[in-house]
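Enquirer: Sharing start.txt here; it has compact mmCIF, C-alpha atoms and all ligand atoms.
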# COMPACT_ATOMS: atom_id res chain seq x y z
CA MET A 7 122.84 111.79 92.02
CA GLN A 8 122.68 111.79 88.25
CA TYR A 9 119.44 111.25 86.35
CA TYR A 10 119.12 109.92 82.83
CA SER A 11 116.27 110.11 80.37
CA LEU A 12 114.34 106.90 79.79
CA ASN A 13 114.29 107.81 76.10
CA LYS A 14 118.11 107.54 76.25
CA ASN A 15 118.60 110.46 73.93
CA ALA A 16 119.51 113.28 76.29
CA PRO A 17 122.51 114.03 78.51
CA LYS A 18 122.50 112.95 82.15
CA THR A 19 121.65 115.69 84.58
CA SER A 20 121.70 116.61 88.28
CA PHE A 21 118.73 116.35 90.66
CA ALA A 22 118.36 120.14 90.58
CA ASP A 23 118.24 120.25 86.79
CA ALA A 24 115.83 117.31 86.66
CA VAL A 25 113.52 119.15 89.06
CA ILE A 26 113.79 122.48 87.29
CA SER A 27 113.26 121.10 83.79
CA GLY A 28 110.72 118.40 84.77
CA ILE A 29 111.08 116.35 81.60
CA ALA A 30 114.24 115.59 79.57
CA PRO A 31 114.86 117.40 76.25
CA ASP A 32 114.11 114.15 74.37
CA ARG A 33 110.67 114.03 76.12
CA GLY A 34 111.81 111.12 78.27
CA LEU A 35 111.14 110.81 81.98
CA TYR A 36 114.15 111.22 84.25
CA PHE A 37 115.26 108.17 86.19
CA PRO A 38 117.95 107.85 88.88
CA ASP A 39 121.24 106.47 87.61
CA ASN A 40 121.36 103.91 90.40
CA ILE A 41 119.39 102.84 93.45
CA THR A 42 121.44 101.58 96.38
CA PRO A 43 119.60 99.44 98.96
CA LEU A 44 119.52 100.81 102.50
CA PRO A 45 121.40 98.79 105.14
CA GLU A 46 119.49 95.95 106.79
CA SER A 47 119.89 97.72 110.12
CA PHE A 48 117.58 100.45 108.80
CA PHE A 49 114.69 98.01 108.43
CA ASP A 50 115.60 96.17 111.64
CA SER A 51 115.19 99.34 113.66
CA ILE A 52 112.61 101.22 111.61
CA GLU A 53 110.06 101.20 114.48
CA SER A 54 112.38 103.34 116.53
CA LEU A 55 112.88 106.02 113.87
CA ASP A 56 110.64 109.03 113.46
CA ASN A 57 109.13 109.77 110.05
CA THR A 58 111.57 112.56 109.21
CA GLU A 59 114.52 110.29 109.94
CA ILE A 60 113.07 107.48 107.81
CA ALA A 61 112.42 109.92 104.99
CA TYR A 62 115.88 111.46 105.22
CA GLN A 63 117.64 108.08 105.09
CA ALA A 64 115.50 106.98 102.15
CA ILE A 65 115.68 110.09 99.97
CA GLN A 66 119.23 111.27 100.68
CA GLN A 67 120.90 109.25 97.92
CA PHE A 68 118.53 110.68 95.30
CA ILE A 69 119.62 114.21 96.12
CA GLY A 70 123.27 113.69 97.00
CA ASP A 71 125.01 116.87 98.07
CA GLU A 72 122.70 119.17 96.12
CA ILE A 73 120.76 120.14 99.24
CA PRO A 74 122.76 120.31 102.49
CA GLU A 75 121.75 117.84 105.23
CA SER A 76 120.31 120.38 107.65
CA GLU A 77 118.31 122.07 104.90
CA LEU A 78 116.95 118.74 103.63
CA ARG A 79 115.96 117.70 107.15
CA ASP A 80 114.14 121.01 107.62
CA ILE A 81 112.30 120.51 104.34
CA LEU A 82 111.26 116.97 105.33
CA ASN A 83 110.19 118.04 108.81
CA ASP A 84 107.98 120.69 107.31
CA VAL A 85 106.56 118.47 104.54
CA LEU A 86 105.77 115.53 106.84
CA ASN A 87 104.05 117.39 109.68
CA PHE A 88 100.92 115.22 109.70
CA ASP A 89 100.00 111.56 110.30
CA PHE A 90 100.01 108.54 107.98
CA PRO A 91 98.09 105.97 110.04
CA VAL A 92 97.36 102.38 109.08
CA ILE A 93 93.81 101.49 110.16
CA ASP A 94 92.67 97.86 110.46
CA ILE A 95 89.58 97.25 108.34
CA GLU A 96 89.12 93.49 108.62
CA ASP A 97 91.27 90.43 109.34
CA ASN A 98 94.48 90.83 107.38
CA ILE A 99 93.38 94.01 105.63
CA GLY A 100 94.13 97.57 106.59
CA THR A 101 94.19 100.96 104.94
CA LEU A 102 97.02 103.45 104.90
CA GLU A 103 95.44 106.88 105.20
CA LEU A 104 97.33 109.40 103.12
CA PHE A 105 94.84 112.23 103.39
CA HIS A 106 95.80 114.07 106.55
CA GLY A 107 97.64 116.84 104.72
CA PRO A 108 96.41 120.37 104.00
CA THR A 109 94.35 119.47 100.88
CA MET A 110 93.40 116.01 102.18
CA ALA A 111 94.91 114.22 99.19
CA PHE A 112 98.02 112.08 99.11
CA LYS A 113 99.65 114.39 96.60
CA ASP A 114 100.31 116.94 99.35
CA VAL A 115 103.62 115.29 100.25
CA GLY A 116 105.03 115.25 96.74
CA ALA A 117 103.79 118.73 95.93
CA ARG A 118 105.10 120.27 99.13
CA PHE A 119 108.45 118.53 98.77
CA MET A 120 108.85 119.67 95.20
CA ALA A 121 107.86 123.25 96.04
CA ARG A 122 110.43 123.43 98.80
CA CYS A 123 113.18 121.93 96.64
CA LEU A 124 112.41 124.41 93.88
CA GLY A 125 112.34 127.23 96.42
CA TYR A 126 115.78 126.10 97.62
CA PHE A 127 117.28 125.84 94.13
CA ASN A 128 115.82 129.21 93.25
CA ARG A 129 116.93 130.90 96.47
CA ASN A 130 119.51 133.24 95.01
CA LYS A 131 118.12 133.74 91.55
CA LYS A 132 115.89 136.56 90.59
CA SER A 133 114.47 134.62 87.65
CA GLN A 134 110.99 133.20 87.56
CA VAL A 135 110.03 129.55 87.04
CA THR A 136 106.58 128.70 85.73
CA VAL A 137 105.18 125.40 86.95
CA LEU A 138 102.73 124.03 84.40
CA VAL A 139 100.58 121.17 85.60
CA ALA A 140 97.67 119.13 84.33
CA THR A 141 95.28 117.72 86.90
CA SER A 142 92.60 115.07 86.84
CA GLY A 143 91.45 116.27 90.23
CA ASP A 144 93.69 116.15 93.25
CA THR A 145 97.06 117.19 91.87
CA GLY A 146 95.89 120.72 91.20
CA GLY A 147 94.78 121.46 94.74
CA ALA A 148 97.86 119.89 96.30
CA VAL A 149 100.20 121.74 93.93
CA ALA A 150 98.36 125.03 94.36
CA ASN A 151 98.55 124.73 98.12
CA GLY A 152 102.15 123.47 98.19
CA PHE A 153 103.46 126.26 95.96
CA LEU A 154 101.34 129.13 97.27
CA GLY A 155 103.57 132.09 97.98
CA VAL A 156 106.85 130.35 96.97
CA ASN A 157 109.15 133.07 95.72
CA GLY A 158 110.04 133.17 92.03
CA VAL A 159 107.55 130.44 91.13
CA ASN A 160 104.31 130.92 89.17
CA VAL A 161 101.89 128.02 88.96
CA VAL A 162 99.51 127.38 86.06
CA ILE A 163 97.04 124.52 86.51
CA LEU A 164 95.08 123.01 83.64
CA TYR A 165 91.99 121.03 84.58
CA PRO A 166 89.20 119.44 82.54
CA SER A 167 86.05 121.53 82.82
CA GLY A 168 83.22 119.76 84.62
CA LYS A 169 85.30 116.65 85.32
CA VAL A 170 86.60 117.42 88.81
CA SER A 171 84.53 117.57 91.99
CA GLU A 172 83.30 120.90 93.34
CA ILE A 173 85.68 120.78 96.29
CA GLN A 174 88.61 119.90 94.05
CA GLU A 175 87.74 122.77 91.74
CA LYS A 176 87.50 125.20 94.64
CA GLN A 177 90.87 124.04 95.97
CA LEU A 178 92.62 124.99 92.77
CA THR A 179 90.68 128.07 91.70
CA THR A 180 90.43 130.11 94.90
CA LEU A 181 93.97 130.74 96.11
CA GLY A 182 95.08 133.62 93.90
CA GLN A 183 98.58 135.08 94.38
CA ASN A 184 101.04 133.08 92.23
CA ILE A 185 98.45 130.42 91.33
CA THR A 186 96.34 130.50 88.12
CA ALA A 187 93.72 127.92 87.07
CA LEU A 188 92.95 127.27 83.39
CA GLU A 189 89.67 125.49 82.72
CA VAL A 190 90.05 123.30 79.63
CA ASP A 191 87.25 122.23 77.35
CA GLY A 192 88.30 118.56 77.20
CA VAL A 193 89.39 115.56 79.29
CA PHE A 194 92.46 115.08 81.48
CA ASP A 195 94.52 113.60 78.65
CA ASP A 196 93.94 116.78 76.62
CA CYS A 197 95.31 118.81 79.53
CA GLN A 198 98.29 116.50 79.90
CA ASP A 199 99.03 116.55 76.16
CA MET A 200 98.99 120.36 76.11
CA VAL A 201 101.39 120.48 79.03
CA LYS A 202 103.75 118.00 77.37
CA THR A 203 103.63 119.95 74.10
CA ALA A 204 104.33 123.26 75.81
CA PHE A 205 107.51 121.91 77.40
CA LEU A 206 108.95 121.19 73.98
CA ASP A 207 107.72 124.30 72.23
CA ALA A 208 110.71 126.63 71.78
CA SER A 209 108.41 129.54 71.02
CA ILE A 210 107.38 129.28 74.68
CA THR A 211 110.51 127.91 76.38
CA ASP A 212 112.74 130.56 74.76
CA HIS A 213 110.78 133.09 76.77
CA MET A 214 110.32 131.38 80.14
CA GLN A 215 111.58 128.53 82.29
CA LEU A 216 108.80 125.95 82.41
CA THR A 217 108.66 122.96 84.71
CA SER A 218 106.10 120.29 85.54
CA ALA A 219 104.64 119.34 88.90
CA ASN A 220 103.04 116.11 87.76
CA SER A 221 104.56 112.87 88.97
CA ILE A 222 106.80 113.00 85.90
CA ASN A 223 108.83 115.45 88.01
CA VAL A 224 111.26 113.45 90.15
CA ALA A 225 110.70 115.70 93.18
CA ARG A 226 106.96 115.01 93.04
CA TRP A 227 107.38 111.33 92.37
CA LEU A 228 110.15 110.07 94.67
CA PRO A 229 108.94 111.28 98.11
CA GLN A 230 105.88 109.06 97.69
CA LEU A 231 108.14 106.14 98.55
CA PHE A 232 107.97 107.32 102.19
CA TYR A 233 104.39 106.09 102.50
CA PHE A 234 105.36 102.47 102.07
CA LEU A 235 108.10 102.76 104.69
CA PHE A 236 105.72 104.50 107.13
CA ALA A 237 103.18 101.71 106.63
CA TYR A 238 105.77 98.99 107.17
CA LYS A 239 106.96 100.66 110.36
CA GLN A 240 103.42 100.37 111.76
CA ILE A 241 102.62 96.80 110.79
CA LYS A 242 106.02 95.14 111.09
CA HIS A 243 105.07 93.67 114.49
CA LYS A 244 102.35 91.61 112.81
CA ASN A 245 105.09 89.46 111.26
CA LYS A 246 103.21 88.97 108.03
CA ASP A 247 104.11 89.31 104.38
CA VAL A 248 102.94 92.68 103.13
CA VAL A 249 100.88 93.16 99.98
CA PHE A 250 100.19 96.73 98.86
CA SER A 251 97.23 97.62 96.69
CA VAL A 252 97.60 101.08 95.20
CA PRO A 253 94.72 102.87 93.47
CA SER A 254 96.52 103.94 90.31
CA GLY A 255 96.10 106.55 87.60
CA ASN A 256 99.42 107.87 86.38
CA PHE A 257 101.16 105.05 88.31
CA GLY A 258 103.54 107.41 90.12
CA ASN A 259 102.57 106.32 93.62
CA ILE A 260 102.89 102.59 93.01
CA CYS A 261 106.12 103.17 91.11
CA ALA A 262 107.54 104.97 94.16
CA GLY A 263 106.47 101.94 96.23
CA ILE A 264 108.54 99.74 93.96
CA VAL A 265 111.51 102.07 94.50
CA ALA A 266 111.01 101.52 98.25
CA GLN A 267 111.16 97.80 97.58
CA LYS A 268 114.43 98.33 95.66
CA LEU A 269 115.72 100.09 98.76
CA GLY A 270 115.13 96.84 100.63
CA LEU A 271 111.58 97.18 101.94
CA PRO A 272 110.15 93.67 102.25
CA VAL A 273 107.03 93.66 100.04
CA LYS A 274 105.47 90.41 98.90
CA HIS A 275 103.46 91.84 96.05
CA PHE A 276 102.20 95.06 94.50
CA ILE A 277 98.70 95.41 93.12
CA ALA A 278 97.82 98.28 90.83
CA ALA A 279 94.08 98.79 91.20
CA THR A 280 92.49 100.84 88.46
CA ASN A 281 89.05 101.96 87.40
CA SER A 282 87.84 101.33 83.83
CA ASN A 283 90.98 103.03 82.54
CA ASP A 284 92.68 99.68 82.21
CA THR A 285 95.65 100.18 79.88
CA VAL A 286 98.10 98.44 82.22
CA VAL A 287 95.68 95.63 83.04
CA ARG A 288 95.33 94.92 79.33
CA TYR A 289 99.09 95.14 78.85
CA LEU A 290 99.73 92.44 81.44
CA LYS A 291 97.22 90.20 79.68
CA THR A 292 98.27 90.77 76.09
CA SER A 293 101.91 92.00 76.37
CA SER A 294 100.90 94.82 74.09
CA TYR A 295 100.79 98.37 75.44
CA GLU A 296 97.85 100.16 73.87
CA PRO A 297 96.95 103.45 75.54
CA LYS A 298 93.52 104.88 74.91
CA GLN A 299 91.48 107.99 75.61
CA SER A 300 90.58 108.25 79.25
CA ILE A 301 87.06 107.37 80.38
CA ALA A 302 85.31 109.44 83.07
CA THR A 303 84.61 107.48 86.28
CA ILE A 304 83.64 108.16 89.90
CA SER A 305 87.32 107.75 90.91
CA ASN A 306 88.28 110.60 88.63
CA ALA A 307 91.80 111.20 89.93
CA MET A 308 92.63 107.92 88.20
CA ASP A 309 91.03 108.70 84.85
CA VAL A 310 94.23 108.29 82.88
CA GLY A 311 94.39 106.50 79.55
CA ASN A 312 98.15 106.57 79.10
CA PRO A 313 99.88 106.44 82.50
CA SER A 314 103.14 108.43 82.35
CA ASN A 315 104.99 106.50 85.01
CA PHE A 316 104.48 103.03 83.60
CA VAL A 317 107.78 103.33 81.70
CA ARG A 318 109.51 103.87 85.03
CA ILE A 319 107.94 100.69 86.41
CA GLN A 320 109.11 98.76 83.38
CA GLN A 321 112.60 100.11 83.93
CA LEU A 322 112.53 99.00 87.57
CA PHE A 323 111.92 95.47 86.27
CA ASN A 324 114.59 95.77 83.58
CA ASN A 325 111.88 95.96 80.95
CA SER A 326 111.02 92.30 81.48
CA ILE A 327 107.29 91.63 81.54
CA ASP A 328 107.92 88.26 83.19
CA SER A 329 109.84 89.76 86.13
CA LEU A 330 107.16 92.41 86.38
CA LYS A 331 104.31 89.88 86.55
CA ASP A 332 106.13 87.98 89.26
CA LYS A 333 105.87 90.89 91.73
CA PHE A 334 103.09 93.02 90.29
CA SER A 335 99.46 92.49 89.30
CA ALA A 336 96.89 94.92 87.93
CA TYR A 337 93.12 94.68 88.11
CA SER A 338 90.44 97.04 86.92
CA PHE A 339 87.01 97.68 88.41
CA THR A 340 83.86 99.36 87.16
CA ASP A 341 81.95 102.14 88.90
CA PRO A 342 79.16 99.80 90.07
CA GLN A 343 81.77 97.45 91.58
CA THR A 344 83.42 100.42 93.28
CA LYS A 345 80.14 101.56 94.82
CA GLU A 346 79.38 98.04 95.99
CA ALA A 347 82.80 97.87 97.67
CA MET A 348 82.28 101.25 99.36
CA LEU A 349 79.02 100.01 100.75
CA SER A 350 80.38 96.68 101.91
CA ILE A 351 83.38 98.28 103.67
CA PHE A 352 81.05 100.74 105.37
CA ASN A 353 78.51 98.10 106.41
CA GLU A 354 81.08 95.59 107.65
CA SER A 355 83.48 97.89 109.47
CA GLY A 356 81.86 101.31 109.76
CA TYR A 357 84.78 102.80 107.83
CA ILE A 358 83.93 105.43 105.20
CA PRO A 359 86.09 104.91 102.13
CA ASP A 360 86.39 107.26 99.17
CA PRO A 361 85.97 105.75 95.67
CA HIS A 362 89.76 105.55 95.06
CA GLY A 363 90.40 103.69 98.30
CA ALA A 364 87.51 101.36 97.48
CA VAL A 365 89.17 100.47 94.17
CA GLY A 366 92.33 99.66 96.15
CA TYR A 367 90.31 97.46 98.50
CA LEU A 368 88.83 95.61 95.53
CA GLY A 369 92.37 94.94 94.32
CA LEU A 370 93.16 93.12 97.56
CA LYS A 371 89.92 91.13 97.43
CA LYS A 372 90.52 90.04 93.88
CA HIS A 373 94.11 89.06 94.59
CA LYS A 374 93.05 87.16 97.74
CA ILE A 375 95.10 87.87 100.82
CA GLU A 376 96.26 84.71 102.56
CA ALA A 377 96.41 84.05 106.30
CA ASP A 378 100.14 84.76 106.53
CA GLN A 379 99.78 88.04 104.65
CA TYR A 380 98.62 91.54 105.49
CA GLY A 381 97.08 93.54 102.68
CA ILE A 382 97.21 97.32 102.77
CA PHE A 383 95.17 99.46 100.42
CA LEU A 384 96.11 103.11 100.17
CA GLU A 385 93.39 105.63 100.99
CA THR A 386 94.50 108.40 98.66
CA ALA A 387 91.82 111.01 99.39
CA HIS A 388 89.52 111.92 102.25
CA PRO A 389 85.89 110.91 101.45
CA VAL A 390 84.87 114.56 101.66
CA LYS A 391 86.79 115.18 98.43
CA PHE A 392 84.17 113.03 96.67
CA LEU A 393 81.28 114.08 98.82
CA ASP A 394 78.36 113.59 96.42
CA ILE A 395 79.26 110.08 95.43
CA VAL A 396 80.15 109.00 98.98
CA GLU A 397 76.98 110.36 100.57
CA GLU A 398 74.74 109.05 97.82
CA THR A 399 76.32 105.58 97.86
CA LEU A 400 76.50 105.13 101.62
CA GLN A 401 73.35 107.06 102.51
CA THR A 402 75.24 108.73 105.29
CA SER A 403 76.59 112.20 105.77
CA VAL A 404 80.27 113.04 105.89
CA GLU A 405 81.39 115.73 108.25
CA ILE A 406 83.14 118.53 106.40
CA PRO A 407 86.54 119.31 107.94
CA THR A 408 87.23 122.99 108.58
CA GLN A 409 90.04 123.34 106.03
CA ILE A 410 87.62 122.16 103.33
CA GLN A 411 84.72 124.33 104.49
CA LYS A 412 86.93 127.41 104.27
CA VAL A 413 87.69 126.66 100.63
CA ILE A 414 84.06 125.93 99.69
CA ASP A 415 83.08 129.39 100.84
CA LYS A 416 85.58 131.11 98.54
CA GLU A 417 84.93 132.37 95.04
CA LYS A 418 86.20 130.49 91.98
CA HIS A 419 88.53 132.25 89.53
CA SER A 420 89.47 130.47 86.31
CA THR A 421 90.26 131.27 82.69
CA ASN A 422 88.70 129.13 79.94
CA ILE A 423 90.92 127.71 77.23
CA ASN A 424 89.83 125.55 74.33
CA ASN A 425 93.05 124.51 72.61
CA TYR A 426 96.82 124.61 72.66
CA GLU A 427 97.10 127.96 70.85
CA GLU A 428 95.10 129.59 73.60
CA LEU A 429 97.37 128.11 76.25
CA LYS A 430 100.42 129.43 74.43
CA GLU A 431 98.94 132.87 74.08
CA PHE A 432 98.07 132.94 77.77
CA LEU A 433 101.57 131.91 78.86
CA LEU A 434 103.35 134.35 76.57
CA ASN A 435 101.11 137.23 77.50
CA THR A 436 101.36 136.58 81.21
CA TYR A 437 104.87 135.38 81.98
CA SER A 438 107.25 136.16 79.16
CA LYS A 439 110.37 138.03 80.28
C1 LIG B 1 96.44 111.08 91.83
C2 LIG B 1 95.53 110.18 92.58
C3 LIG B 1 95.56 108.80 92.41
C4 LIG B 1 96.48 108.13 91.42
O1 LIG B 1 97.85 108.23 91.74
P1 LIG B 1 98.94 107.97 90.63
O2 LIG B 1 100.24 108.22 91.31
O3 LIG B 1 98.68 108.96 89.53
O4 LIG B 1 98.76 106.58 90.16
C5 LIG B 1 94.73 108.01 93.19
N1 LIG B 1 93.86 108.58 94.06
C6 LIG B 1 93.80 109.90 94.24
C7 LIG B 1 92.80 110.45 95.19
C8 LIG B 1 94.62 110.76 93.51
O5 LIG B 1 94.53 112.06 93.70
The structure in this file should be written as structure tokens.

Expert:
Amino acid sequence: MQYYSLNKNAPKTSFADAVISGIAPDRGLYFPDNITPLPESFFDSIESLDNTEIAYQAIQQFIGDEIPESELRDILNDVLNFDFPVIDIEDNIGTLELFHGPTMAFKDVGARFMARCLGYFNRNKKSQVTVLVATSGDTGGAVANGFLGVNGVNVVILYPSGKVSEIQEKQLTTLGQNITALEVDGVFDDCQDMVKTAFLDASITDHMQLTSANSINVARWLPQLFYFLFAYKQIKHKNKDVVFSVPSGNFGNICAGIVAQKLGLPVKHFIAATNSNDTVVRYLKTSSYEPKQSIATISNAMDVGNPSNFVRIQQLFNNSIDSLKDKFSAYSFTDPQTKEAMLSIFNESGYIPDPHGAVGYLGLKKHKIEADQYGIFLETAHPVKFLDIVEETLQTSVEIPTQIQKVIDKEKHSTNINNYEELKEFLLNTYSK
């Protein structure tokens, strides 16, 4: 499969090159040259397929012959070795739990898939690749865990100091080996801007191969489309129109859902549910895209003022705002509304949501799910990842799973950086050939 840059000012490239370089030379995001719908028989018989088979059928065209079938199946088997259950919450509303992976965040699948692809592409080379990634919370832990010990790959994670939860911080600062955490005096957008600048800075890239592991990387982004297929497989028997509400920050997850729809998945409507970082919500109202500085909220993995993947969503709708609005809505919710929703879900159903899932739930409520529809909100993180806010809001205690407790007990190691020059110095001193 060939990938082109959405800035349309760079040559087309292979899947491998898109994964290794992360972003195109013209700073555009890579996008698949074409998306061919899966045969109807795939959706007719999806209940009888296991998750690896579903994933293989769905992702194969995006990789082509660049990874042999048996190797790709092994990668998928390994990446998808946990559950993705849909849990009924109330009449016509359920949640798709995406937090059963090793770091209990939905980004585990994308991070693990990307790490294994990179490991495969790098299998014979002695050269080193440096993965540079900005995190607003969960990406860092998932990437650190997914890439730990992968040969020939160093991982550098930038995170905003004091703006991620204690557990999130521990998950990305305690692994050691090929994983380094840089603690940035700033907000997530500062981290993301530094990463984007570094990719285009020849005084760095002349000395090392850099790549990204944010959802701008196609190998991080595309496997997220599996979730929507796994959900459909479980609720198909209900015979209802499906509406997905996706708690959104960089809009990679929901964008992958729309790719699943392009593959033929029957989806009635997509809802992007955001916190106060409402750039897309405002865009749909005013037709004018005006990014702004991110605002800190209790659903901090979505504190993104200028969502990278929105250009991909626009492309999926041929850059027509009218076609987009037909299939896609966006709503934003404040922290007090989010807490109220957490409490009401807990009181009504006994289910303990995390703040991100609660924002997704609010999206369904606002959109109003009709009797012939089934609304699914994505639970993108286990409540333990946002322990303080969950326990304080619900006045209940959350049991700490063993994989989290192990991390809490470890010691944090991070390096402080205050600006881009310091990042550059760090990279050159540490990794230059
Ligand atoms: C990253 C993240 C999101 C947002 O996903 P995007 O693909 O960036 O829109 C939502 N919830 C959690 C817990 C996350 O970690």

Enquirer: Compute the set of protein, DNA and RNA residues whose minimum atom distance to ligand LIG 1 (chain B) is at most 7 Å, using all atoms listed in the file, and state it as a PyMOL selection string.

Expert: chain A and resi 111-113+143-145+221+253-260+307-308+362+386-387

Enquirer: Write out as a list in words each polymer residue whose atoms come within 7 Å of segment 194-197 of chain A, counting all atoms listed in the file; drop sequence neighbours fewer than 2 positions from it.

Expert: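 The contact residues come out as Ala140, Thr141, Ser142, Leu164, Tyr165, Pro166, Val190, Gly192, Asp199, Met200, Val201, Ser300 and Val310 of chain A.
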
Enquirer: As an exercise, work out the distance from atom CA of Asn98 of chain A to atom CA of Tyr357 of chain A in Å and give it to one decimal place.

Expert: 15.4 Å

Enquirer: Given the point (83.0, 122.4, 99.9) in the coordinates of this file, which residues lie within 9 Å, counting only C-alpha atoms, and how would they look as a VMD selection string?

Expert: chain A and resid 172 to 174 176 to 177 390 to 391 393 406 410 to 415

Enquirer: Would you kindly return, as a tab-separated table (two decimals) with C-alpha atoms, in the frame of the given file, each protein, DNA or RNA residue with an atom no farther than 9 Å from any atom of Tyr426 of chain A, considering all atoms listed in the file and excluding same-chain residues fewer than 2 positions away?

Expert:
chain	number	residue	atom	x	y	z
A	200	MET	CA	98.99	120.36	76.11
A	201	VAL	CA	101.39	120.48	79.03
A	203	THR	CA	103.63	119.95	74.10
A	204	ALA	CA	104.33	123.26	75.81
A	423	ILE	CA	90.92	127.71	77.23
A	424	ASN	CA	89.83	125.55	74.33
A	428	GLU	CA	95.10	129.59	73.60
A	429	LEU	CA	97.37	128.11	76.25
A	430	LYS	CA	100.42	129.43	74.43
A	431	GLU	CA	98.94	132.87	74.08

Enquirer: Mind dumping segment 15-34 of chain A from that block, keeping C-alpha atoms, as a PDB file, in the first residue's frame?

Expert:
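Output file result.pdb is given in full below:
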ATOM      1  CA  ASN A  15       3.957  18.156  -1.259  1.00  0.00           C
ATOM      2  CA  ALA A  16       5.958  14.990  -0.700  1.00  0.00           C
ATOM      3  CA  PRO A  17       6.466  11.774  -2.667  1.00  0.00           C
ATOM      4  CA  LYS A  18       4.266   8.758  -1.989  1.00  0.00           C
ATOM      5  CA  THR A  19       5.842   6.138   0.190  1.00  0.00           C
ATOM      6  CA  SER A  20       5.491   2.537   1.391  1.00  0.00           C
ATOM      7  CA  PHE A  21       3.921   1.449   4.685  1.00  0.00           C
ATOM      8  CA  ALA A  22       7.390   0.673   6.061  1.00  0.00           C
ATOM      9  CA  ASP A  23       8.720   4.120   5.190  1.00  0.00           C
ATOM     10  CA  ALA A  24       5.608   5.807   6.568  1.00  0.00           C
ATOM     11  CA  VAL A  25       6.090   3.938   9.853  1.00  0.00           C
ATOM     12  CA  ILE A  26       9.811   4.604  10.051  1.00  0.00           C
ATOM     13  CA  SER A  27       9.590   8.306   9.228  1.00  0.00           C
ATOM     14  CA  GLY A  28       6.301   8.967  11.088  1.00  0.00           C
ATOM     15  CA  ILE A  29       5.512  12.237   9.343  1.00  0.00           C
ATOM     16  CA  ALA A  30       6.058  13.204   5.683  1.00  0.00           C
ATOM     17  CA  PRO A  31       8.938  15.543   4.725  1.00  0.00           C
ATOM     18  CA  ASP A  32       6.406  18.329   4.025  1.00  0.00           C
ATOM     19  CA  ARG A  33       5.101  17.931   7.626  1.00  0.00           C
ATOM     20  CA  GLY A  34       1.901  16.345   6.349  1.00  0.00           C
TER      21      GLY A  34
END
